[in-house]
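Presented below is the structure to which this report refers.
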Amino acid sequence: MKITDAVHRVDSAGKLRGETKYIEDMHFDNLLYAKTLRSKVAKGRIIRIEYPELPKMIFIVSAEDIPVNNEVAMIEREMPIFANEQICYLGEPIALIVGEDKDAVLSYMSKIKIEYAEEEAECDLLLAAKKPDQLITERAYEKGNLSEIEFDEKFTETFETTYQEQLYMEKQGVVGTVEEDVVTVYGSLQCPYYVLNALKHAMGMDEKNLRVIQTPTGGAFGGKEEYPSLLACQVAAAAYKLKRPVRLVFDRREDIAFTTKRHPSKTVITSYIKNKKVIGMDFDMMLDAGSYLGLSDVVMQRAIFTMTGAYQFENLKIRGRTIRTNNVFTGAFRGFGAPQSMYGLELHMSHLAKRLGEDPLSFRRKHYVRQGDLTATNGRFNEEIYLDRLTDLLENMSGYHEKVSKKSSLTGYGVSVVPHGGGFTGDGEAVHIKAVVKLKKEVDGMVTILVSNVEMGQGAITTLTKIVATVLEIDMDGVQYQNPDTFFVPDSGPTVASRTTMVVGALLAKAAAKLKDRMNEPGEVMITEHFKQPDYVKWNAETNQGNAYMAYSWSVLLVRVEVDPISYEVKCTDIWGAYDVGVPIDEKLLIGQIQGGMVQGLGYAIMENMTSKDGGIEQIAFSSYPIPTTMDVPKMHADWILNPYSDGPFGAKSVGELTLVGVAPAVASAIEDAMNIVTFEIPVTPEVIERSLE
Amino acid sequence: MSDYQYILNGEKRVIACELSRRLLDVIRIDEGLTGTKEGCQEGECGACLVFIDDQIFNSCLVPMSNVIDKSVVTIESYAKTEEYQRIERAFLDAGAVQCGYCTPGMVMAVATLLRSGRTLDEETVRMGLSGNLCRCTGYQTIFEAVSSLTESGGQDG
């Protein structure tokens with residue numbers, strides 16, 4: 001069997017039968033129910049909280065109950081676990097109200113009175129960006145010498161994107177328990193060790209007394225990257241105070257209103273053209289970080305370090321900023337900044353092609369990067385790059401030239417070409433993550449995978465099991481995956497950044513190769529493997545110079561839409577995608593990521609219109625925030641080339657995020673083609689089309 | 001004492017709770033049958049689908065008063081049927097399961113399509129599953145799973 005051949009996922013049968021126990025399905029003896037008491041203002045100070053007399057079996061857990069530090073340790077420690085006096089966003093947690101009976105908790109909550117000294121909230125990104133105090137981080141770098149180049153013309157456009165909600169089907173949920181001297185948090189989460197680190201800081205205990213167990217996770221898409229750390233600290237403190245298990249599971253409306261989402265952005269792009277080629281670009285982007293920085297600066301780095309996409313532009317001036325507002329705080333979401341920057345760049349490239357009278361793919365081909373070229377950040381593209389081959393594949397599989405030449409009115413075609421870097425930015429894998437994996441041969445010969453990377457729907461268990469079994473040349477039945485539990489698994493890093501297969505899978509493949517020679521030894525055998533940064537990765541975090549990523553995956557997309565001439569409703573009928581993800585570990589898992597990413601990207605492009613008013617998200621239910629249903633999905637056509645990456649397991653690179661990133665600009669461009677309009681924002685709703693026609 | 005009864009997964013049950021209580025809460029909390037999921041809490045996502053007298057309903061919208069003397073079947077019971085086995089096989093072969101949270105509800109909707117006696121062309125399948133939201137798969141593998149079931153006439157082989 002080849003590594004690419006599809007297998008049945010190991011976790012599917014239990015999910016189909018309803019046997020898989022998610023956090024809300026698990027039983028705990030003496031479990032208490034918790035509900036979050038939230039601020040009703042976006043900015044202000046709490047003057048007084050009037051808690052009515054506590055009935056029996058109702059408890060309040062607030063800032064004073066955090067044993068050591070009332071701070072959520074992420075990159076910064078600026079966000080409180082429970083608000084102290086200052087309120088920074090609408091819905092900021094003030095306390096947990098905990099009790100045996102949900103109705104009693106809700107009844108008590110309705111009687112709590114909070115008096116605020118309300119302050120003027122900063123809810124507009126563009127206004128906030130004009131105030132120096134609202135700037136949180138700024139990064140800038142240059143390449144070549146943009147100010148001195150000679151050019152024929154320059155062309156400036158401004159692009160805006162709004163929020164996108166992950167809308168994982170399983171809401172946020174955690175349970176805290178205390179047994180003897182160990183505080184345990186169970187939860188639907190992507191990063192067990194992020195949570196453990198946050199707990200250590202809040203609780204003042206070490207990893208012997210703190211334990212994090214990931215429960216089957218019903219979708220995450222980045223939404224369960226940093227956010228669960230906040231909830232984990234809250235229930236840990238509650239369980240520690242009450243000496244009973246405490247469960248906090250959000251209501252759906254609460255989840256949509258108050259958890260992290262994709263950053264709204266504004267990007268100004270100026271390209272400098274000479275002889276019908278882009279020879280320089282000025283790229284200036286700002287992100288609405290919301291009330292706390294969280295991961296926003298890291299998101300912004302991913303957005304701007306690969307802002308040149310698939311192209312070689314010799315002269316660059318790049319700036320990225322994260323701006324503080326009193327809106328809901330924004331964070332990780334599949335693509336992590338790239339969906340915003342690639343939307344702007346790719347739509348701009350299509351606009352340029354049209355302006356210069358060229359085919360959008362031919363125009364792009366003139367700028368494609370090649371192996372050995374300098375990246376935007378003056379690193380070197382290390383691996384083989386086959387963008388022309390990939391574009392040929394897309395053109396052939398879709399019948400591109402015939403289709404676009406024979407298109408009828410009200411139908412349109414749009415393209416995009418994007419990279420996505422696998423793993424952490426720069427030297428992050430070596431400096432910050434320092435992944436460790438373990439592989440254990442049990443006494444009975446069974447091999448156990450010990451990593452902290454989680455299954456959240458993407459197929460991690462199947463992928464990692466298949467890699468190990470294939471190296472060992474044994475059946476997949478002979479390999480088991482230890483559910484992430486910080487008492488048993490090492491810190492192989494978070495389940496983010498499209499790194500699980502490419503980085504963690506590669507470490508497991510190395511460990512398996514070592515174990516293979518020792519499989520006949522009696523007793524237990526434990527193999528430990530540490531991440532080692534490849535020699536070609538050189539990064540200077542001070543200057544933002546060097547290899548921003550170890551390796552890139554690539555997609556070339558073609559989208560076809562039909563637009564209703566009266567309602568301007570857009571029907572996306574087809575998406576074709578050609579991919580280079582190295583070597584896919586399993587074709588069916590790859591297809592699952594491709595189709596899921598295409599549809600989530602389609603939602604971002606035309607449907608998912610999330611706005612904020614006075615600091616409050618305006619669409620907080622499934623009925624007001626439509627995501628694609630079976631009626632909305634196009635025919636999806638995917639193919640790929642094999643381009644083995646030397647440091648990936650069996651040649652694999654990253655997949656998970658790439659598949660979403662290129663969709664929105666291709667869809668927007670297709671709508672423009674159908675309606676002969678120009679657009680500068682997503683989602684491209686009927687209202688946007690109507691405005692563009694005027 | 002209440003005189004109200006209903007049948008849950010083939011067994012007679014006395015309704016001991018308020019008649020306004022949601023069927024979903026009775027199934028999940030009172031009965032401990034957690035295969036039925038709560039996704040949106042307002043009848044939009046289909047994660048909580050159950051059969052009531054062989055028709056599918058979002059159990060988050062059904063008060064217990066609506067199931068008096070009726071038969072409720074959840075995924076736990078349906079998963080024991082031969083028809084389910086064929087659906088499971090088709091979902092496994094098509095790779096139609098990712099995070100799994102929408103999956104039991106999706107299975108119930110597929111079962112209803114199979115039982116409808118309609119020709120399961122693409123449009124019928126899309127319509128039949130339009131009340132079931134999935135954020136992971138992009139639905140196409142689910143369509144393929146249903147299609148493989150109809151190709152074999154809903155039978156094994």
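We name chains A, B, ... following the order of the structure tokens; residues begin at 1 in each chain, and ligands are numbered from 1 as shown.
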
What are the nearest atom pairs, with distances in Å to one decimal, for all residues of chain B that come at most 7 Å from chain A, using only C-alpha atoms, set out by chain and rising residue number as CSV?
residue,atom,partner,partner_atom,distance
B:Thr34,CA,A:Asp25,CA,5.4
B:Gly35,CA,A:Gly18,CA,3.8
B:Thr36,CA,A:Gly18,CA,6.9
B:Gly39,CA,A:Met169,CA,5.7
B:Cys40,CA,A:Arg252,CA,5.6
B:Gln41,CA,A:Arg252,CA,6.9
B:Glu44,CA,A:Phe622,CA,6.4
B:Ile75,CA,A:Gly18,CA,6.4
B:Glu76,CA,A:Arg17,CA,6.5
B:Ala79,CA,A:Arg17,CA,5.7
B:Glu88,CA,A:Leu16,CA,6.7
B:Leu92,CA,A:His8,CA,5.8
B:Asp93,CA,A:His8,CA,6.6
B:Gly95,CA,A:Lys588,CA,6.3
B:Val97,CA,A:Ser12,CA,6.0
B:Gln98,CA,A:Gly457,CA,4.2
B:Cys99,CA,A:Gly457,CA,3.5
B:Gly100,CA,A:Lys15,CA,5.1
B:Tyr101,CA,A:Gly218,CA,5.2
B:Cys102,CA,A:Met169,CA,6.8
B:Thr103,CA,A:Leu16,CA,5.7
B:Pro104,CA,A:Leu16,CA,5.5
B:Arg126,CA,A:Thr630,CA,5.2
B:Met127,CA,A:Met631,CA,6.9
B:Leu129,CA,A:Thr630,CA,6.5
B:Ser130,CA,A:Thr630,CA,5.1
B:Leu133,CA,A:Thr629,CA,5.9
B:Arg135,CA,A:Tyr168,CA,6.4
B:Cys136,CA,A:Gly596,CA,5.0
B:Thr137,CA,A:Gly596,CA,4.4
B:Gly138,CA,A:Gly596,CA,4.3
B:Tyr139,CA,A:Thr630,CA,6.3

Exercise. Using only C-alpha atoms, which residue out of B:Gln5, B:Thr150, B:Thr74, B:Ser59 lies closest to Met108 of chain B?
Worked result: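 Counting only C-alpha atoms, the residue closest to Met108 of chain B is B:Thr74.
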
Do a neighbour search on Asp53 of chain B at 12 Å with only C-alpha atoms, toss out local chain neighbours closer than 5 positions, and write the hits as a list of chain:residue names.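 Everything that qualifies: B:Tyr6, B:Ile7, B:Leu8, B:Asn9, B:Gly10, B:Asn66, B:Val67, B:Ile68, B:Asp69, B:Lys70, B:Ser71, B:Val72, B:Val73, B:Thr74, B:Thr112.
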
Could you make a table, as a tab-separated table, of the residues of segment 442-476 of chain A that have an atom within 8 Å of an atom of segment 515-526 of chain A, each with its nearest atom pair and distance in Å to one decimal, counting only C-alpha atoms, in chain and number order?
residue	atom	partner	partner_atom	distance
A:Glu442	CA	A:Glu524	CA	4.9
A:Val443	CA	A:Gly523	CA	4.6
A:Asp444	CA	A:Gly523	CA	7.9
A:Gly445	CA	A:Met519	CA	7.5
A:Val471	CA	A:Lys516	CA	7.7
A:Leu472	CA	A:Lys516	CA	5.5

Worksheet entry | Given only C-alpha atoms as the counted atoms, nearest of A:Gly290, A:Pro245, A:Gly616, A:Pro192 to Asp29 of chain A |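 When distances to Asp29 of chain A are compared using only C-alpha atoms, the smallest one comes from A:Pro245.
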
From a backbone DSSP assignment, name each residue in segment 225-316 of chain A labelled strand (DSSP E or B), as a VMD selection string. chain A and resid 246 to 249 262 265 to 274 277 to 290 311 315 to 316

Selection export as a compact mmCIF listing (two decimals), in the first residue's frame, atoms kept: C-alpha atoms:
# COMPACT_ATOMS: atom_id res chain seq x y z
CA VAL A 246 -17.45 22.35 37.64
CA ARG A 247 -18.59 22.35 34.01
CA LEU A 248 -18.69 25.47 31.84
CA VAL A 249 -20.24 24.96 28.41
CA ARG A 262 -11.02 36.27 12.46
CA SER A 265 -8.69 44.15 8.39
CA LYS A 266 -7.91 47.03 6.12
CA THR A 267 -5.08 46.78 3.59
CA VAL A 268 -3.74 49.47 1.28
CA ILE A 269 -1.72 48.08 -1.63
CA THR A 270 0.23 50.18 -4.12
CA SER A 271 1.94 48.37 -6.95
CA TYR A 272 4.58 49.87 -9.19
CA ILE A 273 4.39 48.68 -12.80
CA LYS A 274 7.08 48.68 -15.47
CA LYS A 277 5.20 43.74 -14.68
CA VAL A 278 4.99 44.51 -10.98
CA ILE A 279 8.45 45.63 -9.91
CA GLY A 280 7.55 46.95 -6.49
CA MET A 281 4.81 46.96 -3.93
CA ASP A 282 3.86 48.95 -0.87
CA PHE A 283 1.66 46.92 1.44
CA ASP A 284 0.13 48.46 4.56
CA MET A 285 -2.23 46.40 6.69
CA MET A 286 -4.06 46.92 9.96
CA LEU A 287 -5.92 44.37 12.06
CA ASP A 288 -8.59 45.00 14.69
CA ALA A 289 -7.10 43.18 17.67
CA GLY A 290 -10.08 43.91 19.88
CA TYR A 311 5.34 36.19 -6.63
CA ASN A 315 11.18 46.08 -4.16
CA LEU A 316 8.94 46.09 -1.14

*Once DSSP has gone over the backbone, tell me which residues of segment 464-560 of chain A are in alpha helix (DSSP H), as a PyMOL selection string.*
chain A and resi 464-472+505-516

Include C-alpha atoms and write out the residues we just selected as a CSV table (one decimal), in the first residue's frame.
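This is the output file selection_2.csv:
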chain,number,residue,atom,x,y,z
A,464,LEU,CA,0.0,10.1,12.7
A,465,THR,CA,-1.0,6.4,13.2
A,466,LYS,CA,-0.5,5.8,9.5
A,467,ILE,CA,2.9,7.4,9.4
A,468,VAL,CA,4.2,5.4,12.3
A,469,ALA,CA,2.7,2.1,11.1
A,470,THR,CA,4.1,2.6,7.6
A,471,VAL,CA,7.6,3.3,8.9
A,472,LEU,CA,7.4,0.3,11.2
A,505,GLY,CA,4.6,13.7,11.8
A,506,ALA,CA,8.2,14.1,10.7
A,507,LEU,CA,9.4,13.7,14.3
A,508,LEU,CA,7.2,10.5,14.7
A,509,ALA,CA,8.6,9.1,11.5
A,510,LYS,CA,12.1,9.6,12.8
A,511,ALA,CA,11.2,8.0,16.1
A,512,ALA,CA,9.6,5.1,14.3
A,513,ALA,CA,12.7,4.5,12.3
A,514,LYS,CA,14.7,4.2,15.5
A,515,LEU,CA,12.1,2.0,17.1
A,516,LYS,CA,12.0,-0.3,14.1

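One distance worth recording is that between atom CA of Cys572 of chain A and atom CA of Arg691 of chain A, which is 20.3 Å.
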